[in-house]
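Shown next, in structure tokens, is the structure this report addresses.
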Protein chains: 2
Amino acid sequence: MSSSESQEPALSAEAQSKKAAKKEAAKQEKLRRKQEVAAAAAAASNLSVEDDPLAVNYGQIPLIELQSKTPVNVNDWTRVEALNDSLKDEQVLIRGRAQTIRPVGKKMAFLVIRENGFTVQCLVQAQPDLVSPQMVKFAAALSRESIVDVEGVVSIPAAPIKGATQQVEIQVRKLYCVSKAVPTLPINIEDAARSEVEIEKAIQAGEQFVRVNQDTRLNNRVLDLRTPANQGIFRIQSQVGQAFRQFLYGESFVEIHTPKLIAGSSEGGAAVFRLDYKGQPACLAQSPQLHKQMSICGDFGRVFEIGPVFRAEDSFTHRHLCEFTGLDVEMEIKKHYFEVMDLVDKLFVAMFDSLNTNCKKDLEAVANQYPFEPLKYLRNTLRLTYEEGIQMLKAASNDFALQEVGVEIEPFGDLNTEAERKLGQLVLEKYGTEFYILHRYPLAVRPFYTMPCYDNPTYSNSFDVFIRGEEIISGAQRVHVPEFLEERAQACGIEVKTISSYIDSFRYGAPPHGGFGVGLERVVMLFCGLNNIRKTSLYPRDPQRIAP
Amino acid sequence: MSSSESQEPALSAEAQSKKAAKKEAAKQEKLRRKQEVAAAAAAASNLSVEDDPLAVNYGQIPLIELQSKTPVNVNDWTRVEALNDSLKDEQVLIRGRAQTIRPVGKKMAFLVIRENGFTVQCLVQAQPDLVSPQMVKFAAALSRESIVDVEGVVSIPAAPIKGATQQVEIQVRKLYCVSKAVPTLPINIEDAARSEVEIEKAIQAGEQFVRVNQDTRLNNRVLDLRTPANQGIFRIQSQVGQAFRQFLYGESFVEIHTPKLIAGSSEGGAAVFRLDYKGQPACLAQSPQLHKQMSICGDFGRVFEIGPVFRAEDSFTHRHLCEFTGLDVEMEIKKHYFEVMDLVDKLFVAMFDSLNTNCKKDLEAVANQYPFEPLKYLRNTLRLTYEEGIQMLKAASNDFALQEVGVEIEPFGDLNTEAERKLGQLVLEKYGTEFYILHRYPLAVRPFYTMPCYDNPTYSNSFDVFIRGEEIISGAQRVHVPEFLEERAQACGIEVKTISSYIDSFRYGAPPHGGFGVGLERVVMLFCGLNNIRKTSLYPRDPQRIAP
């Protein structure tokens with residue numbers, strides 16, 4: 001069973017293995033071929049382009065035309081998004097994909113053209129001296145997902161158009177294929193875009209349909225990315241990055257870029273990818289932790305970084321990847337780790353607000369395929385101590401058997417995934433928020449550079465942040481005293497020699513500081529209530545996947 | 001001879017080897033120790049803290065106080081930057097580094113406190129019931145670069161203060177050491193901040209001074225980063241990224257994050273870092289080229305990425321690194337690669353404008369240590385064809401022997417570094433700009449995915465962009481026809497099998513597209529007229545350096 005499929009509870013049982021995936025792909029192809037044959041038959045005729053005096057109005061654009069023969073005015077093209085009734089009777093030129101092609105007899109063909117998620121219906125209808133039957137045949141024979149230039153006149157249809165976002169129709173005058181798709185696509189965008197609700201309906205109606213499983217999607221990621229939900233997901237991801245930066249620029253943070261190639265073995269502990277660096281043993285940074293702290297010692301005061309982080313762990317879960325995008329922050333503090341938590345609070349409330357404001361259409365597209373409720377969060381983020389969290393779980397365990405749902409409570413250990421989920425539920429019930437901070441974690445479960453609590457060194461000045469019961473952020477005050485840092489590293493079994501340049505950084509005067517790291521893919525996954533992190537990574541890397 | 005040192009023409013001959021570097025470091029340390037001993041002697045006395053009723057006003061802050069004993073109001077601290085005469089007679093609390101400590105007898109000590117590049121002079125003067133002689137002793141014994149909290153009253157000095165940016169003085173009432181620096185720093189910030197002009201002056205005056213060479217700087221990067229020039233450089237770098245993104249967000253680009261772990265051998269050609277990925281051969285992406293193009297096939301229309309790129313090449317030059325930050329753009333075009341060049345033009349003019357507007361102080365700080373003239377650039381960026389460039393070089397060769405300066409002209413080869421420099425000079429003389437685009441490069445010197453010219457396939461729809469005679473951007477229209485792409489890959493000696501998922505991406509309908517990649521560190525280096533890319537990489541990685 002592949003890791004990604006195991007995260008798809010809604011998948012049919014026979015799709016749960018690689019063999020089944022292959023079978024399904026074959027089934028899909030068969031179905032597709034059938035449809036293609038039908039379409040070709042409908043379009044088939046004895047019309048020939050050679051006999052057509054209007055042949056100049058359609059056809060394949062030769063490559064040479066797309067090799068910059070003459071500069072063009074990009075404004076000659078109208079965006080599909082901009083097509084509306086104010087353009088009635090105007091001649092327009094659009095470029096997009098032939099999403100659907102529906103021939104009606106030999107004299108007519110409907111095309112739905114898609115550009116950037118917006119769609120418009122186009123009618124190619126044979127008319128003397130304007131549109132030849134050969135042109136209709138050419139339109140009907142187009143392969144789906146081909147890119148075309150369509151020139152035509154905007155008209156307003158009598159009845160609303162169901163199959164397109166734009167409520168105008170284009171009476172096609174010219175039609176050129178810019179790039180031809182293969183006639184049989186490995187996955188069909190419509191299939192990949194179908195929600196579970198639609199699938200259930202189709203099953204109940206006894207209709208034939210293809211369910212595209214996660215591995216098939218990822219194997220054909222370029223097609224899969226074209227679904228409205230995926231277009232939305234990665235536009236939301238882009239907005240998360242933008243909101244993150246905008247907020248931090250406003251708070252005087254400097255963006256830094258730290259090396260991913262690290263001598264020795266990074267922070268120790270976690271599994272790292274090792275490689276040979278010009279004859280020296282090296283590894284890929286498991287986070288920018290050491291270098292972002294060093295940058296604080298280098299007097300940048302407040303720094304952030306957005307970049308890849310690498311984990312060679314064999315984690316086969318719905319929320320772990322071998323490579324993901326880290327949003328990292330490190331900042332001087334005066335005395336208290338609450339100063340870091342204050343920033344997290346303001347930053348994420350601002351980010352969620354900006355997503356809800358700027359990504360309405362994208363969130364809707366995601367929800368259409370993967371229904372979810374908007375995230376509940378407070379204006380001032382709730383903070384609970386780890387001890388308070390444990391108390392809440394214990395109190396709840398009086399009501400029902402926590403063990404039954406897999407929740408294990410260890411006062412000085414970490415919360416397991418089930419305990420985190422359960423606590424998320426309890427917090428939502430009691431405080432009405434799905435976003436909260438849990439702080440003062442047991443020291444034993446935090447990295448060596450974490451500052452212990454002043455009053456009880458079994459606890460630490462650290463925190464995790466949760467969305468919908470899952471962790472997205474880990475942060476803390478750091479140990480800035482080199483001798484103490486050495487002691488902590490040794491206590492955690494780290495060979496101090498391998499991180500000597502890091503520890504030395506604190507010998508030249510080091511301000512008290514703290515910071516946190518966020519997993520970008522997790523934020524998007526949990527904000528949208530998705531069930532698998534592979535849905536929010538553009539080209540995911542897990543222990544079994546390094547392609548495409 | 002190490003690669004980085006070879007880029008420092010101003011260095012004395014004996015500094016040109018690693019041995020010499022060690023020698024120098026030892027020399028430095030000796031000098032530093034002397035100074036420390038002198039300072040300690042000045043501060044030495046038989047005053048004891050135990051006898052001091054005012055002992056509560058100074059001392060080392062115990063760690064427990066910095067372990068979040070009580071939350072503090074960060075607004076209790078005034079920023080050094082904000083200290084001015086409007087605060088006259090007010091009590092303030094500041095935190096910063098003890099940049100210089102100058103005892104005057106036993107009753108007085110001057111401190112210069114630095115925070116974020118701003119400095120203020122503080123006077124610790126013994127006064128009955130206010131400041132004890134023991135406190136003066138404590139101040140005088142502080143090690144440089146230690147972090148201190150200073151509480152005192154703002155006063156306006158009679159004469160301007162030369163050694164600090166702020167024109168007020170603080171009459172110190174309380175002084176606490178937050179973090180102690182070791183008494184002997186491996187490099188002195190003042191030494192590292194000295195310009196060549198100052199060094200020359202010192203030599204002529206027969207003064208003793210320490211010149212800090214590039215390798216010593218990088219070995220002690222955390223200290224080196226504290227110089228005003230380096231503070232400026234990395235704030236400028238942050239602004240370049242910000243300007244880049246702001247412009248692209250405004251042009252409907254989506255920010256993406258592509259994987260750095262790649263199956264097989266990336267794009268082929270260049271040397272890559274290889275590693276084992278869970279039993280599969282893998283490498284580090286030498287650019288996001290393949291995946292950003294695939295994202296265009298995935299319908300994102302216009303994408304950009306800012307992230308690390310990896311080159312395992314043994315390039316020992318002033319402008320090559322093994323890991324650097326790539327600013328990458330890919331976009332659909334209608335027909336012509338000029339559409340990409342139009343974007344480059346507008347984007348970079350906007351970026352340069354924003355640097356000149358928003359980084360005045362930082363540019364000044366860089367110029368103080370490394371003098372340079374502001375970049376000359378036009379409102380509409382000059383475009384020359386490669387052929388025109390060759391003609392300019394050939395015409396110039398009538399006037400003088402180009403070969404003598406190492407310029408080689410190959411009409412269908414690439415320009416070598418000297419030819420690029422020379423052409424930059426000629427362009428500056430003729431057109432008055434140090435920023436221009438050279439396009440229509442010979443196909444043979446471009447990567448396999450480059451679109452050939454429609455009229456002459458020995459040329460290509462590609463371009464490079466230059467600042468001060470050095471390349472910072474490489475871009476082109478790409479081949480979007482899968483069969484042709486395969487043909488080109490084969491012709492360039494690339495095993496098509498290893499990039500099959502990339503080539504397959506174009507089989508499902510691919511829009512004409514183009515893009516470019518920019519080296520962030522090069523942009524900063526050349527905008528500021530610096531002579532070595534190691535100066536603009538936070539923790540540079542070259543064939544001989546993977547630390548700190």
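Each chain in the structure tokens gets a letter, A, B, ..., in the order shown, and its residues are numbered from 1; ligands are numbered from 1 in order too.
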
Using only C-alpha atoms, what does the table of chain B residues within 6 Å of chain A look like, with each row giving the shortest atom pair and its distance in Å to one decimal, sorted by chain and ascending number, as CSV?
```
residue,atom,partner,partner_atom,distance
B:Ile64,CA,A:Tyr454,CA,5.4
B:Leu66,CA,A:Lys335,CA,4.9
B:Gln67,CA,A:Tyr454,CA,5.2
B:Ser68,CA,A:His336,CA,4.2
B:Lys69,CA,A:Tyr454,CA,6.0
B:Pro71,CA,A:His336,CA,5.5
B:Glu145,CA,A:Gly509,CA,5.7
B:Ser146,CA,A:Gly509,CA,4.5
B:Ile147,CA,A:Gly509,CA,5.7
B:Ser179,CA,A:Gly509,CA,5.2
B:Lys180,CA,A:Gly509,CA,5.3
B:Ala181,CA,A:Tyr508,CA,4.1
B:Val182,CA,A:Tyr508,CA,5.8
B:Val222,CA,A:Gly298,CA,4.5
B:Leu225,CA,A:Gly298,CA,5.2
B:Arg226,CA,A:Gly298,CA,5.4
B:Ser238,CA,A:Glu255,CA,4.9
B:Val254,CA,A:Ser238,CA,5.9
B:Glu255,CA,A:Ser238,CA,4.9
B:Ala263,CA,A:Ile546,CA,5.8
B:Leu275,CA,A:Leu275,CA,5.2
B:Gly298,CA,A:Val222,CA,4.5
B:Asp299,CA,A:Arg226,CA,5.8
B:Lys335,CA,A:Leu66,CA,5.0
B:His336,CA,A:Ser68,CA,4.2
B:Tyr454,CA,A:Gln67,CA,5.2
B:Ser501,CA,A:Pro548,CA,5.9
B:Arg507,CA,A:Ala181,CA,5.5
B:Tyr508,CA,A:Ala181,CA,4.2
B:Gly509,CA,A:Ala181,CA,4.2
B:Ala510,CA,A:Ser179,CA,5.8
B:Ile546,CA,A:Ala263,CA,5.8
B:Pro548,CA,A:Ser501,CA,5.9
```

What would the file look like if the residues just selected were written as a PDB file, in the first residue's frame with C-alpha atoms?
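Generated output (part_5.pdb):
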```pdb
ATOM      1  CA  ILE B  64      17.028  33.182  35.113  1.00  0.00           C
ATOM      2  CA  LEU B  66      16.276  36.066  30.696  1.00  0.00           C
ATOM      3  CA  GLN B  67      14.308  32.862  30.978  1.00  0.00           C
ATOM      4  CA  SER B  68      10.980  34.627  30.990  1.00  0.00           C
ATOM      5  CA  LYS B  69      10.597  35.065  34.703  1.00  0.00           C
ATOM      6  CA  PRO B  71       6.661  39.128  30.873  1.00  0.00           C
ATOM      7  CA  GLU B 145      30.410  43.484  21.551  1.00  0.00           C
ATOM      8  CA  SER B 146      28.797  42.441  24.818  1.00  0.00           C
ATOM      9  CA  ILE B 147      25.090  43.164  24.933  1.00  0.00           C
ATOM     10  CA  SER B 179      25.356  38.743  27.280  1.00  0.00           C
ATOM     11  CA  LYS B 180      29.110  38.833  27.719  1.00  0.00           C
ATOM     12  CA  ALA B 181      31.387  38.580  24.700  1.00  0.00           C
ATOM     13  CA  VAL B 182      34.720  36.795  25.040  1.00  0.00           C
ATOM     14  CA  VAL B 222      28.886  36.256  12.523  1.00  0.00           C
ATOM     15  CA  LEU B 225      28.193  40.579   9.346  1.00  0.00           C
ATOM     16  CA  ARG B 226      28.064  43.281  12.018  1.00  0.00           C
ATOM     17  CA  SER B 238      16.156  41.619   1.213  1.00  0.00           C
ATOM     18  CA  VAL B 254       1.797  32.947  -8.753  1.00  0.00           C
ATOM     19  CA  GLU B 255       4.678  32.076  -6.428  1.00  0.00           C
ATOM     20  CA  ALA B 263      15.442  11.927  -9.773  1.00  0.00           C
ATOM     21  CA  LEU B 275      22.875  11.789  -3.466  1.00  0.00           C
ATOM     22  CA  GLY B 298      -0.186  22.877 -15.323  1.00  0.00           C
ATOM     23  CA  ASP B 299      -2.039  26.092 -16.257  1.00  0.00           C
ATOM     24  CA  LYS B 335       3.988  34.569 -29.814  1.00  0.00           C
ATOM     25  CA  HIS B 336       7.170  36.510 -29.228  1.00  0.00           C
ATOM     26  CA  TYR B 454      12.418  31.448 -36.969  1.00  0.00           C
ATOM     27  CA  SER B 501       8.181  13.311 -17.300  1.00  0.00           C
ATOM     28  CA  ARG B 507       2.078  16.324 -24.821  1.00  0.00           C
ATOM     29  CA  TYR B 508      -1.148  17.495 -23.181  1.00  0.00           C
ATOM     30  CA  GLY B 509      -1.300  20.899 -24.829  1.00  0.00           C
ATOM     31  CA  ALA B 510       1.480  23.369 -24.007  1.00  0.00           C
ATOM     32  CA  ILE B 546      31.022  24.626   3.256  1.00  0.00           C
ATOM     33  CA  PRO B 548      30.118  28.149   8.705  1.00  0.00           C
TER      34      PRO B 548
END
```

**Message:** as a ChimeraX atom specification, please: the residues near Pro442 in chain A (cut-off 9 Å, only C-alpha atoms, same-chain neighbours under 6 positions excluded).
**Reply:** /A:386,411-414,452,457-460,462

Selected residues written out with N, CA and C atoms, as a PDB file, in the first residue's frame:
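To be explicit, this is the file written out as part_21.pdb:
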```pdb
ATOM      1  N   TYR A 386       0.838  23.613  28.221  1.00  0.00           N
ATOM      2  CA  TYR A 386       0.803  22.164  27.998  1.00  0.00           C
ATOM      3  C   TYR A 386       0.084  21.480  29.155  1.00  0.00           C
ATOM      4  N   PRO A 411       2.362  13.170  30.694  1.00  0.00           N
ATOM      5  CA  PRO A 411       2.570  14.533  31.192  1.00  0.00           C
ATOM      6  C   PRO A 411       3.924  15.127  30.782  1.00  0.00           C
ATOM      7  N   PHE A 412       4.969  14.293  30.662  1.00  0.00           N
ATOM      8  CA  PHE A 412       6.273  14.832  30.278  1.00  0.00           C
ATOM      9  C   PHE A 412       6.764  14.289  28.956  1.00  0.00           C
ATOM     10  N   GLY A 413       5.849  13.690  28.209  1.00  0.00           N
ATOM     11  CA  GLY A 413       6.173  13.263  26.852  1.00  0.00           C
ATOM     12  C   GLY A 413       5.474  14.208  25.898  1.00  0.00           C
ATOM     13  N   ASP A 414       5.428  13.847  24.629  1.00  0.00           N
ATOM     14  CA  ASP A 414       4.746  14.678  23.643  1.00  0.00           C
ATOM     15  C   ASP A 414       3.317  14.165  23.498  1.00  0.00           C
ATOM     16  N   PRO A 452      15.035  26.231  28.788  1.00  0.00           N
ATOM     17  CA  PRO A 452      14.177  25.666  29.841  1.00  0.00           C
ATOM     18  C   PRO A 452      13.399  26.793  30.552  1.00  0.00           C
ATOM     19  N   PRO A 457      12.859  23.337  35.255  1.00  0.00           N
ATOM     20  CA  PRO A 457      13.575  22.970  34.026  1.00  0.00           C
ATOM     21  C   PRO A 457      13.056  21.695  33.349  1.00  0.00           C
ATOM     22  N   THR A 458      12.015  21.066  33.898  1.00  0.00           N
ATOM     23  CA  THR A 458      11.417  19.965  33.135  1.00  0.00           C
ATOM     24  C   THR A 458      10.473  20.530  32.068  1.00  0.00           C
ATOM     25  N   TYR A 459      10.143  21.819  32.189  1.00  0.00           N
ATOM     26  CA  TYR A 459       9.357  22.487  31.144  1.00  0.00           C
ATOM     27  C   TYR A 459      10.253  23.449  30.369  1.00  0.00           C
ATOM     28  N   SER A 460       9.756  23.943  29.269  1.00  0.00           N
ATOM     29  CA  SER A 460      10.586  24.814  28.434  1.00  0.00           C
ATOM     30  C   SER A 460       9.782  26.004  27.912  1.00  0.00           C
ATOM     31  N   SER A 462       8.743  27.053  25.222  1.00  0.00           N
ATOM     32  CA  SER A 462       8.478  26.648  23.848  1.00  0.00           C
ATOM     33  C   SER A 462       6.988  26.567  23.593  1.00  0.00           C
TER      34      SER A 462
END
```

**Message:** Can you pull out the residues contacting range 523-529 of chain B? Cut-off 7 Å, using only C-alpha atoms, and skip same-chain residues under 4 positions away; I want them as a PyMOL selection string.
**Reply:** chain B and resi 237+372+375+467-468+472+519+533+536

From a DSSP calculation on the backbone, collect every residue of range 277-438 of chain A in helix (DSSP H, G or I) and output the set as a compact mmCIF listing (two decimals) with N, CA and C atoms, in the first residue's frame.
```
# COMPACT_ATOMS: atom_id res chain seq x y z
N GLN A 289 17.50 26.46 11.10
CA GLN A 289 17.63 26.79 12.52
C GLN A 289 18.98 27.41 12.89
N LEU A 290 20.06 26.67 12.61
CA LEU A 290 21.36 27.13 13.09
C LEU A 290 21.74 28.46 12.43
N HIS A 291 21.54 28.55 11.12
CA HIS A 291 21.96 29.77 10.42
C HIS A 291 21.06 30.96 10.69
N LYS A 292 19.79 30.72 10.96
CA LYS A 292 18.95 31.89 11.28
C LYS A 292 19.33 32.43 12.65
N GLN A 293 19.67 31.55 13.58
CA GLN A 293 20.13 32.02 14.88
C GLN A 293 21.47 32.76 14.75
N MET A 294 22.35 32.21 13.90
CA MET A 294 23.64 32.87 13.68
C MET A 294 23.44 34.27 13.08
N SER A 295 22.40 34.41 12.28
CA SER A 295 22.12 35.72 11.68
C SER A 295 21.65 36.71 12.74
N ILE A 296 21.00 36.21 13.78
CA ILE A 296 20.65 37.07 14.92
C ILE A 296 21.93 37.52 15.61
N CYS A 297 22.87 36.58 15.78
CA CYS A 297 24.18 36.95 16.36
C CYS A 297 24.93 37.91 15.44
N PHE A 338 7.01 35.07 25.33
CA PHE A 338 5.69 35.56 24.90
C PHE A 338 5.82 36.58 23.77
N GLU A 339 6.98 37.27 23.71
CA GLU A 339 7.19 38.25 22.64
C GLU A 339 7.12 37.56 21.27
N VAL A 340 7.61 36.33 21.20
CA VAL A 340 7.54 35.56 19.94
C VAL A 340 6.09 35.13 19.68
N MET A 341 5.44 34.68 20.74
CA MET A 341 4.05 34.23 20.59
C MET A 341 3.13 35.39 20.20
N ASP A 342 3.44 36.59 20.68
CA ASP A 342 2.65 37.77 20.28
C ASP A 342 2.71 37.96 18.76
N LEU A 343 3.93 37.76 18.22
CA LEU A 343 4.10 37.93 16.77
C LEU A 343 3.33 36.86 16.01
N VAL A 344 3.44 35.61 16.46
CA VAL A 344 2.72 34.51 15.82
C VAL A 344 1.23 34.84 15.78
N ASP A 345 0.72 35.27 16.89
CA ASP A 345 -0.69 35.62 17.04
C ASP A 345 -1.10 36.63 15.96
N LYS A 346 -0.43 37.78 15.95
CA LYS A 346 -0.81 38.85 15.01
C LYS A 346 -0.60 38.42 13.55
N LEU A 347 0.54 37.76 13.31
CA LEU A 347 0.88 37.34 11.95
C LEU A 347 -0.18 36.42 11.37
N PHE A 348 -0.59 35.43 12.13
CA PHE A 348 -1.50 34.43 11.57
C PHE A 348 -2.94 34.94 11.47
N VAL A 349 -3.34 35.76 12.40
CA VAL A 349 -4.68 36.36 12.26
C VAL A 349 -4.71 37.23 10.99
N ALA A 350 -3.63 38.00 10.78
CA ALA A 350 -3.55 38.83 9.56
C ALA A 350 -3.56 37.94 8.31
N MET A 351 -2.84 36.82 8.37
CA MET A 351 -2.77 35.93 7.22
C MET A 351 -4.14 35.31 6.91
N PHE A 352 -4.81 34.81 7.93
CA PHE A 352 -6.12 34.20 7.71
C PHE A 352 -7.11 35.23 7.15
N ASP A 353 -7.05 36.44 7.71
CA ASP A 353 -7.92 37.51 7.20
C ASP A 353 -7.65 37.74 5.71
N SER A 354 -6.35 37.79 5.36
CA SER A 354 -6.00 38.10 3.97
C SER A 354 -6.42 36.96 3.04
N LEU A 355 -6.34 35.73 3.52
CA LEU A 355 -6.80 34.60 2.69
C LEU A 355 -8.30 34.70 2.45
N ASN A 356 -9.04 34.97 3.52
CA ASN A 356 -10.49 35.06 3.38
C ASN A 356 -10.91 36.22 2.49
N THR A 357 -10.11 37.28 2.49
CA THR A 357 -10.45 38.44 1.68
C THR A 357 -10.00 38.27 0.23
N ASN A 358 -8.75 37.82 0.04
CA ASN A 358 -8.16 37.83 -1.30
C ASN A 358 -8.32 36.53 -2.07
N LYS A 360 -11.17 34.42 -2.09
CA LYS A 360 -12.56 33.93 -2.06
C LYS A 360 -12.82 32.89 -3.13
N LYS A 361 -12.49 33.25 -4.37
CA LYS A 361 -12.79 32.38 -5.51
C LYS A 361 -12.00 31.07 -5.39
N ASP A 362 -10.75 31.17 -4.94
CA ASP A 362 -9.91 29.98 -4.82
C ASP A 362 -10.43 29.05 -3.72
N LEU A 363 -10.83 29.65 -2.60
CA LEU A 363 -11.35 28.83 -1.50
C LEU A 363 -12.64 28.13 -1.93
N GLU A 364 -13.43 28.83 -2.71
CA GLU A 364 -14.67 28.26 -3.22
C GLU A 364 -14.36 27.07 -4.14
N ALA A 365 -13.36 27.25 -5.00
CA ALA A 365 -12.98 26.17 -5.93
C ALA A 365 -12.53 24.93 -5.17
N VAL A 366 -11.77 25.15 -4.10
CA VAL A 366 -11.32 24.01 -3.28
C VAL A 366 -12.53 23.35 -2.62
N ALA A 367 -13.39 24.19 -2.02
CA ALA A 367 -14.54 23.65 -1.28
C ALA A 367 -15.51 22.90 -2.20
N ASN A 368 -15.58 23.31 -3.46
CA ASN A 368 -16.46 22.60 -4.39
C ASN A 368 -16.07 21.15 -4.55
N GLN A 369 -14.78 20.89 -4.58
CA GLN A 369 -14.34 19.50 -4.71
C GLN A 369 -14.13 18.83 -3.35
N TYR A 386 0.84 23.61 28.22
CA TYR A 386 0.80 22.16 28.00
C TYR A 386 0.08 21.48 29.16
N GLU A 387 0.36 21.95 30.37
CA GLU A 387 -0.29 21.36 31.55
C GLU A 387 -1.80 21.53 31.50
N GLU A 388 -2.23 22.72 31.09
CA GLU A 388 -3.67 22.96 30.95
C GLU A 388 -4.28 22.04 29.90
N GLY A 389 -3.54 21.84 28.82
CA GLY A 389 -4.01 20.93 27.78
C GLY A 389 -4.18 19.52 28.32
N ILE A 390 -3.18 19.07 29.05
CA ILE A 390 -3.24 17.73 29.65
C ILE A 390 -4.45 17.62 30.59
N GLN A 391 -4.67 18.70 31.35
CA GLN A 391 -5.81 18.69 32.28
C GLN A 391 -7.14 18.55 31.53
N MET A 392 -7.24 19.27 30.42
CA MET A 392 -8.47 19.20 29.62
C MET A 392 -8.69 17.79 29.10
N LEU A 393 -7.61 17.17 28.65
CA LEU A 393 -7.72 15.80 28.12
C LEU A 393 -8.12 14.84 29.24
N LYS A 394 -7.49 15.02 30.42
CA LYS A 394 -7.79 14.13 31.55
C LYS A 394 -9.23 14.28 32.00
N ALA A 395 -9.68 15.53 32.08
CA ALA A 395 -11.06 15.77 32.50
C ALA A 395 -12.04 15.11 31.53
N ALA A 396 -11.69 15.21 30.23
CA ALA A 396 -12.56 14.61 29.22
C ALA A 396 -12.56 13.10 29.31
N SER A 397 -11.46 12.54 29.78
CA SER A 397 -11.35 11.08 29.83
C SER A 397 -12.28 10.49 30.89
N LEU A 402 -10.71 7.53 26.45
CA LEU A 402 -9.82 8.15 25.47
C LEU A 402 -8.99 7.10 24.73
N GLN A 403 -8.61 6.07 25.48
CA GLN A 403 -7.76 5.04 24.88
C GLN A 403 -8.40 4.45 23.64
N GLU A 404 -9.71 4.39 23.68
CA GLU A 404 -10.41 3.80 22.54
C GLU A 404 -10.15 4.54 21.24
N VAL A 405 -9.97 5.86 21.33
CA VAL A 405 -9.68 6.61 20.10
C VAL A 405 -8.16 6.82 19.93
N THR A 417 -0.59 12.11 17.83
CA THR A 417 -1.49 12.73 16.86
C THR A 417 -2.94 12.70 17.32
N GLU A 418 -3.35 11.58 17.90
CA GLU A 418 -4.74 11.43 18.32
C GLU A 418 -5.05 12.37 19.50
N ALA A 419 -4.08 12.49 20.42
CA ALA A 419 -4.29 13.39 21.56
C ALA A 419 -4.40 14.83 21.07
N GLU A 420 -3.56 15.20 20.08
CA GLU A 420 -3.62 16.55 19.52
C GLU A 420 -5.00 16.81 18.89
N ARG A 421 -5.48 15.84 18.15
CA ARG A 421 -6.80 15.96 17.51
C ARG A 421 -7.89 16.14 18.56
N LYS A 422 -7.83 15.27 19.58
CA LYS A 422 -8.85 15.30 20.63
C LYS A 422 -8.83 16.65 21.35
N LEU A 423 -7.61 17.12 21.65
CA LEU A 423 -7.50 18.40 22.34
C LEU A 423 -8.06 19.52 21.46
N GLY A 424 -7.81 19.42 20.16
CA GLY A 424 -8.37 20.39 19.22
C GLY A 424 -9.89 20.44 19.32
N GLN A 425 -10.50 19.28 19.40
CA GLN A 425 -11.97 19.19 19.54
C GLN A 425 -12.44 19.86 20.82
N LEU A 426 -11.74 19.52 21.93
CA LEU A 426 -12.12 20.07 23.23
C LEU A 426 -11.99 21.58 23.24
N VAL A 427 -10.90 22.07 22.65
CA VAL A 427 -10.66 23.52 22.60
C VAL A 427 -11.75 24.19 21.77
N LEU A 428 -12.10 23.58 20.65
CA LEU A 428 -13.15 24.15 19.80
C LEU A 428 -14.46 24.24 20.58
N GLU A 429 -14.80 23.16 21.30
CA GLU A 429 -16.05 23.16 22.07
C GLU A 429 -16.05 24.23 23.15
N LYS A 430 -14.91 24.33 23.85
CA LYS A 430 -14.87 25.23 25.00
C LYS A 430 -14.62 26.69 24.61
N TYR A 431 -13.73 26.91 23.61
CA TYR A 431 -13.31 28.28 23.30
C TYR A 431 -13.76 28.77 21.92
```

**Asked** If you run DSSP on this backbone, which residues of range 25-199 of chain B come out as strand (DSSP E or B), and could you give them as a PyMOL selection string?
**Response** chain B and resi 58-60+91-104+108-115+118-125+127+131+147-155+169-179+181

**Message:** Residues within 9 Å of Pro447 in chain B, please, as a VMD selection string. Count only C-alpha atoms; anything in the same chain fewer than 4 positions from it doesn't count.
**Reply:** chain B and resid 267 269 443 489 492

Keeping only N, CA, C and O atoms, take the residues you just selected and write them out as a compact mmCIF listing (two decimals), in the first residue's frame.
```
# COMPACT_ATOMS: atom_id res chain seq x y z
N GLU B 267 18.92 18.71 -15.39
CA GLU B 267 18.86 19.08 -16.80
C GLU B 267 20.00 18.52 -17.63
O GLU B 267 20.08 18.75 -18.82
N GLY B 269 24.16 18.23 -18.49
CA GLY B 269 25.09 19.33 -18.75
C GLY B 269 25.92 19.65 -17.53
O GLY B 269 26.90 18.96 -17.25
N LEU B 443 22.49 29.60 -30.99
CA LEU B 443 21.79 28.46 -30.38
C LEU B 443 22.77 27.51 -29.68
O LEU B 443 22.47 26.96 -28.63
N ALA B 489 17.03 17.82 -27.22
CA ALA B 489 17.71 17.20 -26.08
C ALA B 489 18.76 16.20 -26.59
O ALA B 489 19.91 16.21 -26.14
N CYS B 492 21.75 17.71 -27.98
CA CYS B 492 22.63 18.28 -26.95
C CYS B 492 23.23 17.19 -26.05
O CYS B 492 23.82 17.49 -25.01
```
